[in-house]
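Undergrad: Provided herewith is a single structure, encoded as structure tokens, for subsequent inquiry.
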Amino acid sequence: GSESGGGSEAGGGGGDAIVMGFSQVGAESGWRTANTKSVQDSAKEAGITLKFSDAQQKQENQIKAIRSYIQQKVDVIAFSPVVESGWDTVLKEAQGANIPVILTDRAVDSADTSLYKTFLGSDFVEEGKKAGQWLVEEYKDASDTVNIVELQGTTGSAPANDRKSGFAEVIGADPKFKIIASQTGDFTRAKGKEVMEAFLKAHPDIDVLYAHNDDMGLGAIEAIEGAGKVPGKDIKIITVDAVKDGMQALADGKINYIVECSPLLGPQLMDLAKKVVAGESVPARVVTEETTFTQEQAKEALPSRQY
Ligand code: GZL
């Protein structure tokens, strides 16, 4: 196809197979890799012909990909918007071409919700609240100030905005919790390490790290160990995702708590796509099932983790 970055076609044979154009955020994290696998495997399973593009975390590449899918007259477009804003124009073009759109993983802030048929993904505010609730419980007997640093996800993305606000809402109830630094690590290991190194230089008294995904937490662990401190002990760490590498660090005691965010959206996405193409009604919002893990639970869960 003519779509930008890593365009490829996969999936079901000829006949009247549904053709889906999918614009993926990028390949920034273990979560994203698992999500891509779920979408590609599920399309094959469902007999849906998948046109797939990787936007390397750039909104303009996603917009280009969506435009190319419109030109190719695909049956349905699905995408995970790298950031919340700036989609109305291209979504109106899809609507004008009578091509239904499904949002998966991340949300858009468009006021006009007729621009997409449904949004399938996690409740990121809830994920932030779960992280905050663990911290409140962990420090319920403490009276001293708890100094927190926060590694935010990609600036402007729904998970970064919502995981930040959910967490802040829960810990805001107790003034002993202080977020002394908060900066984006763009959901990557490398950036997470770099920003954590800066945090450690500026703040000798960090008690807790809240990282919006495992990958930034794993990068931060390298920085913490490089500074001669013990992750999970000197600095408690809470992350979100529960991908294999994160769960291993949790089982090893380097992370203290992980809030799961499931990347396995493929099967539900393909079911929704079939209904949408058939003109059947679908729920406006489909929230993913997910849980949380302590260090003990990680040890039990690791052997059967799919990703
Ligand atoms: C969340 C997803 C986020 C993951 C990160 O649904 O959008 O993007 O938490 C990924 O690991 O990069």
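Each chain in the structure tokens gets a letter, A, B, ..., in the order shown, and its residues are numbered from 1; ligands are numbered from 1 in order too.
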Could you give me the residues within 8 Å of ligand 1, counting only C-alpha atoms and all ligand atoms, as an mmCIF file with all heavy atoms, in the first residue's frame?
TA:
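New file selection_20.cif:
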```
data_model
loop_
_atom_site.group_PDB
_atom_site.id
_atom_site.type_symbol
_atom_site.label_atom_id
_atom_site.label_comp_id
_atom_site.auth_asym_id
_atom_site.auth_seq_id
_atom_site.Cartn_x
_atom_site.Cartn_y
_atom_site.Cartn_z
ATOM 1 N N ALA A 27 6.022 1.716 17.698
ATOM 2 C CA ALA A 27 6.553 0.488 18.310
ATOM 3 C C ALA A 27 7.384 0.896 19.534
ATOM 4 O O ALA A 27 8.480 0.404 19.760
ATOM 5 C CB ALA A 27 7.423 -0.270 17.304
ATOM 6 N N GLU A 28 6.824 1.820 20.301
ATOM 7 C CA GLU A 28 7.549 2.493 21.400
ATOM 8 C C GLU A 28 7.710 1.659 22.652
ATOM 9 O O GLU A 28 8.548 2.002 23.499
ATOM 10 C CB GLU A 28 6.841 3.819 21.727
ATOM 11 C CG GLU A 28 5.507 3.695 22.469
ATOM 12 C CD GLU A 28 4.313 3.302 21.582
ATOM 13 O OE1 GLU A 28 4.485 3.128 20.364
ATOM 14 O OE2 GLU A 28 3.214 3.146 22.147
ATOM 15 N N SER A 29 6.905 0.615 22.805
ATOM 16 C CA SER A 29 6.944 -0.091 24.098
ATOM 17 C C SER A 29 6.567 -1.560 23.907
ATOM 18 O O SER A 29 5.983 -1.946 22.878
ATOM 19 C CB SER A 29 5.939 0.551 25.062
ATOM 20 O OG SER A 29 4.617 0.429 24.551
ATOM 21 N N GLY A 30 6.829 -2.340 24.954
ATOM 22 C CA GLY A 30 6.446 -3.750 24.924
ATOM 23 C C GLY A 30 4.940 -3.900 24.774
ATOM 24 O O GLY A 30 4.455 -4.796 24.083
ATOM 25 N N TRP A 31 4.243 -2.954 25.378
ATOM 26 C CA TRP A 31 2.772 -2.982 25.271
ATOM 27 C C TRP A 31 2.373 -2.843 23.805
ATOM 28 O O TRP A 31 1.540 -3.582 23.285
ATOM 29 C CB TRP A 31 2.179 -1.808 26.083
ATOM 30 C CG TRP A 31 0.695 -1.853 26.234
ATOM 31 C CD1 TRP A 31 0.003 -2.330 27.312
ATOM 32 C CD2 TRP A 31 -0.282 -1.425 25.274
ATOM 33 N NE1 TRP A 31 -1.362 -2.216 27.088
ATOM 34 C CE2 TRP A 31 -1.559 -1.667 25.852
ATOM 35 C CE3 TRP A 31 -0.236 -0.872 23.999
ATOM 36 C CZ2 TRP A 31 -2.752 -1.364 25.200
ATOM 37 C CZ3 TRP A 31 -1.414 -0.568 23.354
ATOM 38 C CH2 TRP A 31 -2.649 -0.823 23.942
ATOM 39 N N ARG A 32 2.968 -1.903 23.115
ATOM 40 C CA ARG A 32 2.595 -1.614 21.722
ATOM 41 C C ARG A 32 2.874 -2.825 20.826
ATOM 42 O O ARG A 32 2.059 -3.184 19.976
ATOM 43 C CB ARG A 32 3.364 -0.393 21.225
ATOM 44 C CG ARG A 32 2.909 0.134 19.891
ATOM 45 C CD ARG A 32 1.494 0.614 19.882
ATOM 46 N NE ARG A 32 1.235 1.628 20.899
ATOM 47 C CZ ARG A 32 0.026 2.009 21.275
ATOM 48 N NH1 ARG A 32 -1.030 1.453 20.731
ATOM 49 N NH2 ARG A 32 -0.138 2.918 22.182
ATOM 50 N N SER A 80 -5.338 3.845 16.768
ATOM 51 C CA SER A 80 -5.074 4.241 18.144
ATOM 52 C C SER A 80 -4.465 5.636 18.062
ATOM 53 O O SER A 80 -3.308 5.784 17.673
ATOM 54 C CB SER A 80 -4.066 3.282 18.793
ATOM 55 O OG SER A 80 -3.655 3.804 20.035
ATOM 56 N N VAL A 82 -2.421 8.747 18.549
ATOM 57 C CA VAL A 82 -1.220 8.963 19.377
ATOM 58 C C VAL A 82 -1.464 10.077 20.399
ATOM 59 O O VAL A 82 -0.976 9.987 21.526
ATOM 60 C CB VAL A 82 0.013 9.261 18.478
ATOM 61 C CG1 VAL A 82 -0.202 10.493 17.613
ATOM 62 C CG2 VAL A 82 1.270 9.389 19.317
ATOM 63 N N ASP A 105 -7.742 1.474 21.910
ATOM 64 C CA ASP A 105 -6.657 1.804 22.834
ATOM 65 C C ASP A 105 -6.776 3.235 23.357
ATOM 66 O O ASP A 105 -7.097 3.451 24.516
ATOM 67 C CB ASP A 105 -5.292 1.564 22.163
ATOM 68 C CG ASP A 105 -4.146 2.119 22.963
ATOM 69 O OD1 ASP A 105 -4.286 2.205 24.213
ATOM 70 O OD2 ASP A 105 -3.128 2.482 22.364
ATOM 71 N N ARG A 106 -6.519 4.243 22.539
ATOM 72 C CA ARG A 106 -6.535 5.622 23.018
ATOM 73 C C ARG A 106 -7.738 6.378 22.455
ATOM 74 O O ARG A 106 -8.287 5.990 21.431
ATOM 75 C CB ARG A 106 -5.246 6.350 22.601
ATOM 76 C CG ARG A 106 -3.993 5.729 23.219
ATOM 77 C CD ARG A 106 -2.756 6.541 22.881
ATOM 78 N NE ARG A 106 -1.540 5.883 23.394
ATOM 79 C CZ ARG A 106 -0.310 6.331 23.207
ATOM 80 N NH1 ARG A 106 -0.108 7.451 22.511
ATOM 81 N NH2 ARG A 106 0.727 5.676 23.684
ATOM 82 N N GLY A 121 -11.171 0.275 24.613
ATOM 83 C CA GLY A 121 -9.890 0.448 25.307
ATOM 84 C C GLY A 121 -10.084 0.591 26.794
ATOM 85 O O GLY A 121 -11.212 0.563 27.301
ATOM 86 N N SER A 122 -8.966 0.764 27.508
ATOM 87 C CA SER A 122 -8.988 0.824 28.968
ATOM 88 C C SER A 122 -9.529 2.157 29.471
ATOM 89 O O SER A 122 -9.541 3.152 28.750
ATOM 90 C CB SER A 122 -7.560 0.654 29.512
ATOM 91 O OG SER A 122 -7.005 -0.558 29.055
ATOM 92 N N PHE A 124 -8.288 4.817 31.529
ATOM 93 C CA PHE A 124 -6.973 5.222 32.028
ATOM 94 C C PHE A 124 -7.082 6.005 33.342
ATOM 95 O O PHE A 124 -6.159 5.965 34.167
ATOM 96 C CB PHE A 124 -6.244 6.079 30.986
ATOM 97 C CG PHE A 124 -6.028 5.394 29.669
ATOM 98 C CD1 PHE A 124 -6.402 5.994 28.480
ATOM 99 C CD2 PHE A 124 -5.460 4.132 29.616
ATOM 100 C CE1 PHE A 124 -6.196 5.371 27.262
ATOM 101 C CE2 PHE A 124 -5.249 3.493 28.404
ATOM 102 C CZ PHE A 124 -5.623 4.124 27.230
ATOM 103 N N GLY A 153 3.438 9.619 30.353
ATOM 104 C CA GLY A 153 3.462 9.060 29.003
ATOM 105 C C GLY A 153 3.580 10.182 27.966
ATOM 106 O O GLY A 153 3.840 11.336 28.305
ATOM 107 N N THR A 154 3.356 9.830 26.712
ATOM 108 C CA THR A 154 3.490 10.780 25.608
ATOM 109 C C THR A 154 2.624 12.010 25.840
ATOM 110 O O THR A 154 1.438 11.888 26.125
ATOM 111 C CB THR A 154 3.078 10.089 24.293
ATOM 112 O OG1 THR A 154 3.948 8.971 24.096
ATOM 113 C CG2 THR A 154 3.165 11.033 23.105
ATOM 114 N N SER A 157 -1.304 12.585 25.055
ATOM 115 C CA SER A 157 -2.001 11.309 24.814
ATOM 116 C C SER A 157 -3.017 11.059 25.920
ATOM 117 O O SER A 157 -2.834 11.484 27.069
ATOM 118 C CB SER A 157 -0.997 10.149 24.771
ATOM 119 O OG SER A 157 -0.442 9.920 26.064
ATOM 120 N N ALA A 158 -4.093 10.343 25.592
ATOM 121 C CA ALA A 158 -5.134 10.063 26.591
ATOM 122 C C ALA A 158 -4.565 9.319 27.801
ATOM 123 O O ALA A 158 -4.839 9.699 28.945
ATOM 124 C CB ALA A 158 -6.256 9.255 25.940
ATOM 125 N N PRO A 159 -3.744 8.253 27.603
ATOM 126 C CA PRO A 159 -3.220 7.577 28.792
ATOM 127 C C PRO A 159 -2.380 8.487 29.685
ATOM 128 O O PRO A 159 -2.463 8.399 30.918
ATOM 129 C CB PRO A 159 -2.396 6.407 28.237
ATOM 130 C CG PRO A 159 -2.215 6.678 26.799
ATOM 131 C CD PRO A 159 -3.343 7.542 26.376
ATOM 132 N N ASP A 186 7.814 9.816 27.396
ATOM 133 C CA ASP A 186 7.315 9.408 26.076
ATOM 134 C C ASP A 186 7.069 7.898 25.941
ATOM 135 O O ASP A 186 7.178 7.335 24.854
ATOM 136 C CB ASP A 186 8.308 9.872 24.982
ATOM 137 C CG ASP A 186 7.590 10.115 23.658
ATOM 138 O OD1 ASP A 186 6.352 10.241 23.663
ATOM 139 O OD2 ASP A 186 8.269 10.150 22.608
ATOM 140 N N PHE A 187 6.795 7.232 27.035
ATOM 141 C CA PHE A 187 6.480 5.795 27.079
ATOM 142 C C PHE A 187 7.658 4.896 26.676
ATOM 143 O O PHE A 187 7.440 3.691 26.458
ATOM 144 C CB PHE A 187 5.276 5.449 26.187
ATOM 145 C CG PHE A 187 3.938 5.803 26.792
ATOM 146 C CD1 PHE A 187 2.994 6.510 26.059
ATOM 147 C CD2 PHE A 187 3.609 5.426 28.101
ATOM 148 C CE1 PHE A 187 1.748 6.831 26.602
ATOM 149 C CE2 PHE A 187 2.370 5.740 28.643
ATOM 150 C CZ PHE A 187 1.444 6.454 27.900
ATOM 151 N N THR A 188 8.880 5.486 26.568
ATOM 152 C CA THR A 188 9.995 4.623 26.141
ATOM 153 C C THR A 188 10.974 4.385 27.294
ATOM 154 O O THR A 188 11.114 5.201 28.208
ATOM 155 C CB THR A 188 10.799 5.260 24.989
ATOM 156 O OG1 THR A 188 11.470 6.415 25.478
ATOM 157 C CG2 THR A 188 9.902 5.613 23.815
ATOM 158 N N HIS A 212 4.051 5.999 34.070
ATOM 159 C CA HIS A 212 2.797 5.697 33.337
ATOM 160 C C HIS A 212 2.901 4.433 32.491
ATOM 161 O O HIS A 212 1.899 4.029 31.898
ATOM 162 C CB HIS A 212 2.392 6.876 32.440
ATOM 163 C CG HIS A 212 1.944 8.083 33.207
ATOM 164 N ND1 HIS A 212 1.486 9.215 32.578
ATOM 165 C CD2 HIS A 212 1.908 8.348 34.536
ATOM 166 C CE1 HIS A 212 1.168 10.127 33.501
ATOM 167 N NE2 HIS A 212 1.426 9.619 34.691
ATOM 168 N N ASN A 213 4.058 3.821 32.334
ATOM 169 C CA ASN A 213 4.117 2.471 31.749
ATOM 170 C C ASN A 213 5.357 1.724 32.233
ATOM 171 O O ASN A 213 6.309 2.319 32.749
ATOM 172 C CB ASN A 213 4.019 2.491 30.220
ATOM 173 C CG ASN A 213 5.322 2.836 29.522
ATOM 174 O OD1 ASN A 213 6.189 3.504 30.076
ATOM 175 N ND2 ASN A 213 5.461 2.356 28.290
ATOM 176 N N ASP A 214 5.338 0.397 32.065
ATOM 177 C CA ASP A 214 6.454 -0.446 32.535
ATOM 178 C C ASP A 214 7.772 -0.025 31.897
ATOM 179 O O ASP A 214 8.818 -0.019 32.556
ATOM 180 C CB ASP A 214 6.204 -1.910 32.146
ATOM 181 C CG ASP A 214 5.038 -2.540 32.886
ATOM 182 O OD1 ASP A 214 4.500 -1.915 33.824
ATOM 183 O OD2 ASP A 214 4.654 -3.658 32.510
ATOM 184 N N ASP A 215 7.726 0.283 30.599
ATOM 185 C CA ASP A 215 8.985 0.544 29.886
ATOM 186 C C ASP A 215 9.735 1.729 30.487
ATOM 187 O O ASP A 215 10.945 1.651 30.723
ATOM 188 C CB ASP A 215 8.698 0.788 28.391
ATOM 189 C CG ASP A 215 8.308 -0.502 27.695
ATOM 190 O OD1 ASP A 215 7.201 -0.995 27.972
ATOM 191 O OD2 ASP A 215 9.112 -1.036 26.910
ATOM 192 N N VAL A 240 2.371 0.968 35.106
ATOM 193 C CA VAL A 240 1.120 0.546 34.462
ATOM 194 C C VAL A 240 1.476 -0.257 33.219
ATOM 195 O O VAL A 240 2.436 0.097 32.523
ATOM 196 C CB VAL A 240 0.254 1.766 34.055
ATOM 197 C CG1 VAL A 240 -1.091 1.331 33.484
ATOM 198 C CG2 VAL A 240 0.064 2.711 35.234
ATOM 199 N N ASP A 241 0.787 -1.289 32.926
ATOM 200 C CA ASP A 241 0.824 -2.167 31.752
ATOM 201 C C ASP A 241 0.799 -3.640 32.159
ATOM 202 O O ASP A 241 -0.111 -4.359 31.800
ATOM 203 C CB ASP A 241 2.030 -1.932 30.805
ATOM 204 C CG ASP A 241 1.792 -0.806 29.817
ATOM 205 O OD1 ASP A 241 0.641 -0.326 29.735
ATOM 206 O OD2 ASP A 241 2.736 -0.390 29.127
ATOM 207 N N CYS A 261 -2.801 -2.985 32.062
ATOM 208 C CA CYS A 261 -3.491 -2.347 30.932
ATOM 209 C C CYS A 261 -3.375 -3.342 29.795
ATOM 210 O O CYS A 261 -2.302 -3.532 29.227
ATOM 211 C CB CYS A 261 -2.802 -1.034 30.576
ATOM 212 S SG CYS A 261 -3.498 -0.273 29.102
ATOM 213 N N SER A 262 -4.496 -4.018 29.471
ATOM 214 C CA SER A 262 -4.374 -5.114 28.504
ATOM 215 C C SER A 262 -4.217 -4.626 27.060
ATOM 216 O O SER A 262 -5.008 -3.815 26.576
ATOM 217 C CB SER A 262 -5.607 -6.016 28.558
ATOM 218 O OG SER A 262 -5.477 -6.989 27.527
ATOM 219 N N PRO A 263 -3.192 -5.157 26.342
ATOM 220 C CA PRO A 263 -3.000 -4.817 24.927
ATOM 221 C C PRO A 263 -3.772 -5.772 24.004
ATOM 222 O O PRO A 263 -3.785 -5.597 22.786
ATOM 223 C CB PRO A 263 -1.495 -5.016 24.725
ATOM 224 C CG PRO A 263 -1.143 -6.113 25.677
ATOM 225 C CD PRO A 263 -2.092 -5.990 26.847
#
```
Undergrad: Near Ala273 in chain A, within 12 Å and counting only C-alpha atoms, which residues show up once chain neighbours fewer than 2 positions away are dropped, as number ranges by chain?
TA: A: 17-22, 39, 42-43, 46-50, 74-79, 99-104, 116-120, 266-271, 275-282
Undergrad: Let's see if you can do this: from backbone DSSP, list all strand (DSSP E or B) residues in range 69-302 of chain A, as a VMD selection string.
TA: chain A and resid 76 to 79 101 to 104 118 to 121 146 to 152 177 to 184 208 to 211 231 235 to 241 257 to 260 285 to 287 292 to 293
Undergrad: What's the separation between CA of Lys233 in chain A and CA of Phe293 in chain A, in Å to one decimal place?
TA: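 According to the coordinates, CA of Lys233 in chain A and CA of Phe293 in chain A are separated by 17.3 Å.
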Undergrad: Using only C-alpha atoms, determine which residues lie at most 7 Å from Lys193 in chain A, disregarding the query and same-chain residues fewer than 6 positions distant; provide the list as a list in words.
TA: Met216, Gly219, Ala220, Glu222 and Ala223 of chain A
Undergrad: How many Å lie between CA of Gly185 in chain A and CA of Val108 in chain A, rounded to one decimal?
TA: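 CA of Val108 in chain A lies 21.0 Å from CA of Gly185 in chain A.
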Undergrad: Just checking: using only C-alpha atoms, which residue out of A:Glu290, A:Glu150, A:Asp245, A:Asp123 ends up closest to Asp162 in chain A?
TA: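 Smallest distance to Asp162 in chain A is found for A:Asp123.
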Undergrad: Got a sec: who's within 10 Å of Arg67 in chain A, counting only C-alpha atoms, leaving out chain neighbours fewer than 5 positions off, as an mmCIF file with all heavy atoms, in the first residue's frame?
TA:
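Written out: selection-v1.cif:
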```cif
data_model
loop_
_atom_site.group_PDB
_atom_site.id
_atom_site.type_symbol
_atom_site.label_atom_id
_atom_site.label_comp_id
_atom_site.auth_asym_id
_atom_site.auth_seq_id
_atom_site.Cartn_x
_atom_site.Cartn_y
_atom_site.Cartn_z
ATOM 1 N N GLU A 3 0.608 3.610 2.237
ATOM 2 C CA GLU A 3 0.620 4.276 3.544
ATOM 3 C C GLU A 3 2.054 4.412 4.045
ATOM 4 O O GLU A 3 2.949 3.687 3.657
ATOM 5 C CB GLU A 3 -0.250 3.525 4.568
ATOM 6 C CG GLU A 3 0.123 2.073 4.802
ATOM 7 C CD GLU A 3 -0.539 1.139 3.794
ATOM 8 O OE1 GLU A 3 -1.232 1.644 2.883
ATOM 9 O OE2 GLU A 3 -0.316 -0.061 3.897
ATOM 10 N N ASN A 61 1.721 11.175 10.423
ATOM 11 C CA ASN A 61 1.789 9.879 9.716
ATOM 12 C C ASN A 61 0.477 9.116 9.834
ATOM 13 O O ASN A 61 0.065 8.409 8.915
ATOM 14 C CB ASN A 61 2.940 9.038 10.266
ATOM 15 C CG ASN A 61 4.311 9.555 9.840
ATOM 16 O OD1 ASN A 61 4.402 10.353 8.907
ATOM 17 N ND2 ASN A 61 5.356 9.135 10.531
ATOM 18 N N GLN A 62 -0.180 9.283 11.004
ATOM 19 C CA GLN A 62 -1.479 8.601 11.168
ATOM 20 C C GLN A 62 -2.515 9.229 10.232
ATOM 21 O O GLN A 62 -3.294 8.528 9.600
ATOM 22 C CB GLN A 62 -1.945 8.670 12.631
ATOM 23 C CG GLN A 62 -1.103 7.791 13.571
ATOM 24 C CD GLN A 62 -1.805 7.473 14.847
ATOM 25 O OE1 GLN A 62 -1.948 8.347 15.715
ATOM 26 N NE2 GLN A 62 -2.249 6.230 15.012
ATOM 27 N N GLN A 72 -8.174 4.191 -0.752
ATOM 28 C CA GLN A 72 -8.269 2.771 -1.149
ATOM 29 C C GLN A 72 -9.658 2.206 -0.920
ATOM 30 O O GLN A 72 -9.907 1.033 -1.151
ATOM 31 C CB GLN A 72 -7.224 1.953 -0.369
ATOM 32 C CG GLN A 72 -5.776 2.337 -0.699
ATOM 33 C CD GLN A 72 -4.800 1.619 0.209
ATOM 34 O OE1 GLN A 72 -4.706 0.399 0.168
ATOM 35 N NE2 GLN A 72 -4.104 2.380 1.044
ATOM 36 N N LYS A 73 -10.568 3.040 -0.372
ATOM 37 C CA LYS A 73 -11.959 2.628 -0.132
ATOM 38 C C LYS A 73 -12.043 1.354 0.710
ATOM 39 O O LYS A 73 -12.772 0.416 0.387
ATOM 40 C CB LYS A 73 -12.703 2.421 -1.466
ATOM 41 C CG LYS A 73 -12.809 3.684 -2.331
ATOM 42 C CD LYS A 73 -13.756 3.463 -3.496
ATOM 43 C CE LYS A 73 -13.883 4.626 -4.470
ATOM 44 N NZ LYS A 73 -13.456 5.945 -3.993
ATOM 45 N N VAL A 90 -9.714 14.923 9.487
ATOM 46 C CA VAL A 90 -9.550 13.652 8.759
ATOM 47 C C VAL A 90 -10.697 12.683 9.066
ATOM 48 O O VAL A 90 -11.123 11.912 8.199
ATOM 49 C CB VAL A 90 -8.178 12.999 9.055
ATOM 50 C CG1 VAL A 90 -8.108 12.406 10.460
ATOM 51 C CG2 VAL A 90 -7.839 11.949 8.001
ATOM 52 N N LEU A 91 -11.246 12.769 10.277
ATOM 53 C CA LEU A 91 -12.381 11.880 10.584
ATOM 54 C C LEU A 91 -13.625 12.311 9.813
ATOM 55 O O LEU A 91 -14.438 11.482 9.399
ATOM 56 C CB LEU A 91 -12.639 11.854 12.096
ATOM 57 C CG LEU A 91 -11.533 11.185 12.926
ATOM 58 C CD1 LEU A 91 -11.892 11.182 14.406
ATOM 59 C CD2 LEU A 91 -11.272 9.759 12.442
ATOM 60 N N GLU A 93 -13.466 13.524 6.829
ATOM 61 C CA GLU A 93 -13.212 13.021 5.456
ATOM 62 C C GLU A 93 -13.631 11.558 5.357
ATOM 63 O O GLU A 93 -14.253 11.144 4.395
ATOM 64 C CB GLU A 93 -11.721 13.182 5.100
ATOM 65 C CG GLU A 93 -11.292 14.627 4.895
ATOM 66 C CD GLU A 93 -9.768 14.784 4.873
ATOM 67 O OE1 GLU A 93 -9.069 13.786 4.607
ATOM 68 O OE2 GLU A 93 -9.287 15.897 5.147
ATOM 69 N N ALA A 94 -13.338 10.789 6.415
ATOM 70 C CA ALA A 94 -13.737 9.366 6.429
ATOM 71 C C ALA A 94 -15.258 9.268 6.440
ATOM 72 O O ALA A 94 -15.857 8.487 5.693
ATOM 73 C CB ALA A 94 -13.149 8.675 7.649
#
```
Undergrad: Counting only C-alpha atoms, which residue out of A:Ile221, A:Val83, A:Ile258, A:Val25 sits closest to Gly132 in chain A?
TA: A:Ile258
Undergrad: Of the residues A:Gly156, A:Ala202, A:Thr292, A:Lys37, which is the one nearest to Thr184 in chain A, using only C-alpha atoms?
TA: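 Checking each of A:Gly156, A:Ala202, A:Thr292, A:Lys37 against Thr184 in chain A, counting only C-alpha atoms, the winner is A:Gly156.
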Undergrad: If you count only C-alpha atoms, which residues fall within 8 Å of Asp205 in chain A, apart from same-chain ones fewer than 2 positions away, as number ranges by chain?
TA: A: 147, 203, 207
Undergrad: Would you mind exporting the chosen residues as a short mmCIF file (atom, residue, chain, number, x, y, z; two decimals), in the first residue's frame, restricted to all heavy atoms?
TA:
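Once everything was written out, this is result15.cif:
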```
data_model
loop_
_atom_site.label_atom_id
_atom_site.label_comp_id
_atom_site.auth_asym_id
_atom_site.auth_seq_id
_atom_site.Cartn_x
_atom_site.Cartn_y
_atom_site.Cartn_z
N ASN A 147 7.80 11.92 49.08
CA ASN A 147 8.21 12.63 47.86
C ASN A 147 8.09 11.72 46.65
O ASN A 147 8.74 10.67 46.57
CB ASN A 147 9.66 13.12 47.99
CG ASN A 147 9.80 14.22 49.02
OD1 ASN A 147 8.92 15.09 49.12
ND2 ASN A 147 10.85 14.17 49.81
N HIS A 203 16.98 15.69 42.93
CA HIS A 203 16.25 15.37 44.18
C HIS A 203 16.88 14.19 44.90
O HIS A 203 16.68 13.03 44.54
CB HIS A 203 14.79 15.02 43.85
CG HIS A 203 14.06 16.11 43.13
ND1 HIS A 203 13.57 17.24 43.76
CD2 HIS A 203 13.77 16.27 41.81
CE1 HIS A 203 13.00 18.04 42.87
NE2 HIS A 203 13.11 17.47 41.67
N ASP A 207 11.14 9.27 47.35
CA ASP A 207 10.62 8.07 48.01
C ASP A 207 9.92 7.12 47.03
O ASP A 207 9.95 5.91 47.18
CB ASP A 207 9.58 8.47 49.09
CG ASP A 207 10.19 9.34 50.17
OD1 ASP A 207 11.21 8.90 50.75
OD2 ASP A 207 9.68 10.47 50.42
#
```
Undergrad: So, with only C-alpha atoms as the atoms that count, which of A:Leu151, A:Ile238, A:Ala301, A:Leu135 lies closest to Met196 in chain A?
TA: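 Nearest candidate to Met196 in chain A out of A:Leu151, A:Ile238, A:Ala301, A:Leu135: A:Leu151.
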Undergrad: To one decimal place, how far is CA of Gln248 in chain A from CA of Lys129 in chain A in Å?
TA: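 Distance between the two atoms: 23.2 Å.
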Undergrad: Report as a PyMOL selection string: the residues of range 11-54 of chain A with a DSSP assignment of alpha helix (DSSP H), based on the backbone of this structure.
TA: chain A and resi 30-46
Undergrad: What's the 12 Å shell around range 294-297 of chain A, counting only C-alpha atoms, without same-chain residues fewer than 3 positions away, as a ChimeraX atom specification?
TA: /A:131,134,138,232,237-239,242,246-260,291,300-305
Undergrad: Using only C-alpha atoms, which of A:Ile70, A:Val208, A:Leu272, A:Ala298 sits nearest Pro231 in chain A?
TA: A:Val208
Undergrad: For each of A:Ile235, A:Arg285, A:Ala107, A:Gln56, take the minimum atom-to-atom distance to Asn161 in chain A, counting only C-alpha atoms, then give the residue where this is smallest.
TA: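 Checking each candidate against Asn161 in chain A, we get A:Ala107 as the closest.
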